[in-house]
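Have a look at upload-v8.cif; it's mmCIF, C-alpha atoms:
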```cif
data_entry
loop_
_atom_site.label_atom_id
_atom_site.label_comp_id
_atom_site.auth_asym_id
_atom_site.auth_seq_id
_atom_site.Cartn_x
_atom_site.Cartn_y
_atom_site.Cartn_z
CA MET J 30 0.00 0.00 0.00
CA SER J 31 1.35 3.43 -0.89
CA ASN J 32 1.93 6.21 1.62
CA LYS J 33 -0.90 8.18 -0.01
CA GLN J 34 -3.32 5.27 0.51
CA GLU J 35 -2.21 4.81 4.11
CA GLN J 36 -2.67 8.52 4.79
CA PHE J 37 -6.14 8.41 3.26
CA LEU J 38 -7.14 5.60 5.65
CA ILE J 39 -5.71 7.50 8.62
CA ASP J 40 -7.54 10.70 7.63
CA PHE J 41 -10.78 8.80 7.01
CA GLY J 42 -10.54 7.14 10.42
CA LYS J 43 -9.91 10.45 12.18
CA ARG J 44 -12.97 11.93 10.52
CA VAL J 45 -15.10 8.93 11.52
CA ARG J 46 -14.01 9.37 15.13
CA GLU J 47 -14.74 13.12 15.04
CA LEU J 48 -18.23 12.61 13.64
CA ARG J 49 -18.99 9.78 16.06
CA LYS J 50 -17.96 11.86 19.05
CA GLU J 51 -19.86 14.93 17.80
CA LYS J 52 -23.00 12.79 17.79
CA GLY J 53 -22.27 11.44 21.27
CA LEU J 54 -22.02 7.85 20.06
CA THR J 55 -19.71 5.14 21.33
CA GLN J 56 -17.80 2.77 19.09
CA GLU J 57 -20.13 0.06 20.35
CA ASN J 58 -23.22 2.05 19.26
CA VAL J 59 -21.90 2.73 15.77
CA ALA J 60 -20.56 -0.78 15.30
CA LYS J 61 -23.92 -2.27 16.26
CA ILE J 62 -25.83 0.01 13.87
CA CYS J 63 -23.46 -0.85 11.02
CA GLY J 64 -23.29 -4.56 11.79
CA PHE J 65 -19.56 -4.38 12.58
CA GLN J 66 -17.59 -5.71 15.52
CA ARG J 67 -16.33 -2.94 17.82
CA PRO J 68 -12.64 -3.89 17.31
CA TYR J 69 -13.12 -3.52 13.54
CA LEU J 70 -14.45 0.02 14.00
CA SER J 71 -11.57 0.80 16.36
CA ASP J 72 -9.11 -0.33 13.68
CA VAL J 73 -10.89 1.83 11.08
CA GLU J 74 -10.69 4.89 13.35
CA ARG J 75 -6.96 4.32 13.81
CA GLY J 76 -6.36 3.87 10.08
CA ARG J 77 -5.26 0.27 10.55
CA ARG J 78 -7.97 -1.33 8.46
CA ASN J 79 -8.24 -1.28 4.68
CA ILE J 80 -11.97 -0.58 4.77
CA SER J 81 -14.09 -1.32 1.71
CA ALA J 82 -15.98 1.38 -0.16
CA LYS J 83 -19.22 -0.34 0.86
CA ASN J 84 -18.34 -0.07 4.56
CA MET J 85 -17.15 3.52 4.10
CA SER J 86 -20.52 4.38 2.63
CA LEU J 87 -22.35 2.61 5.45
CA LEU J 88 -20.35 4.49 8.09
CA ALA J 89 -20.91 7.82 6.34
CA ALA J 90 -24.67 7.22 6.18
CA THR J 91 -24.78 6.12 9.81
CA LEU J 92 -22.95 9.28 10.89
CA GLY J 93 -25.02 11.55 8.63
CA ALA J 94 -22.10 12.52 6.40
CA ASP J 95 -21.57 12.61 2.66
CA LEU J 96 -18.90 10.32 1.30
CA GLN J 97 -16.81 12.38 -1.08
CA LEU J 98 -13.96 10.78 -2.93
CA GLU J 99 -11.13 12.73 -4.51
CA PRO J 100 -10.46 12.12 -8.19
CA VAL J 101 -7.56 9.83 -9.00
CA GLU J 102 -4.52 11.76 -10.19
#
```

As structure tokens - that is how I would like this structure written.
Amino acid sequence: MSNKQEQFLIDFGKRVRELRKEKGLTQENVAKICGFQRPYLSDVERGRRNISAKNMSLLAATLGADLQLEPVE
């Protein structure tokens, strides 16, 4: 995985954590809503999981956010 891809996952995870906390939700709450295990969500928030686009979309919808992808350069 390239440094750019790794940084994207780290940034995505940070944003997930920010949105989750803004809504007053725990990892357990969000994981349950999404059908994930809590450790999986923890890994996503720390940028340690190569999350699928499908799961990114599910998290974004759960947290009331738009999923915007940058164009490939």

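Interatomic distance, CA of Glu51 in chain J to CA of Lys33 in chain J: 26.9 Å.
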
Have a look at CA of Lys61 in chain J and CA of Phe37 in chain J and let me know their distance in Å, one decimal.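 Spanning CA of Lys61 in chain J to CA of Phe37 in chain J is a straight-line distance of 24.5 Å.
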
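With all atoms listed in the file as the atoms that count, the minimum distance from Ala94 in chain J to the choices J:Ala82, J:Leu38, J:Val45, J:Val73 is reached by J:Val45.
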
Compare J:Gly53, J:Glu35, J:Gly42, J:Gln97 by their minimum atom-to-atom distance to Tyr69 in chain J, counting all atoms listed in the file, and give me the closest one.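 Distance minimum relative to Tyr69 in chain J lands on J:Gly42.
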
Given all atoms listed in the file as the counted atoms, nearest of J:Asn58, J:Asn79, J:Gln66, J:Lys52 to Leu92 in chain J: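 Once distances to Leu92 in chain J are computed over all atoms listed in the file, the minimum belongs to J:Lys52.
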
CA of Met30 in chain J to CA of Arg49 in chain J, straight-line distance in Å: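 CA of Met30 in chain J lies 26.7 Å from CA of Arg49 in chain J.
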
Selected by the PyMOL selection byres ((chain J and resi 89) around 12) in the shown coordinates: which residues, as a PyMOL selection string? chain J and resi 41-42+44-49+59+62-63+82-88+90-98
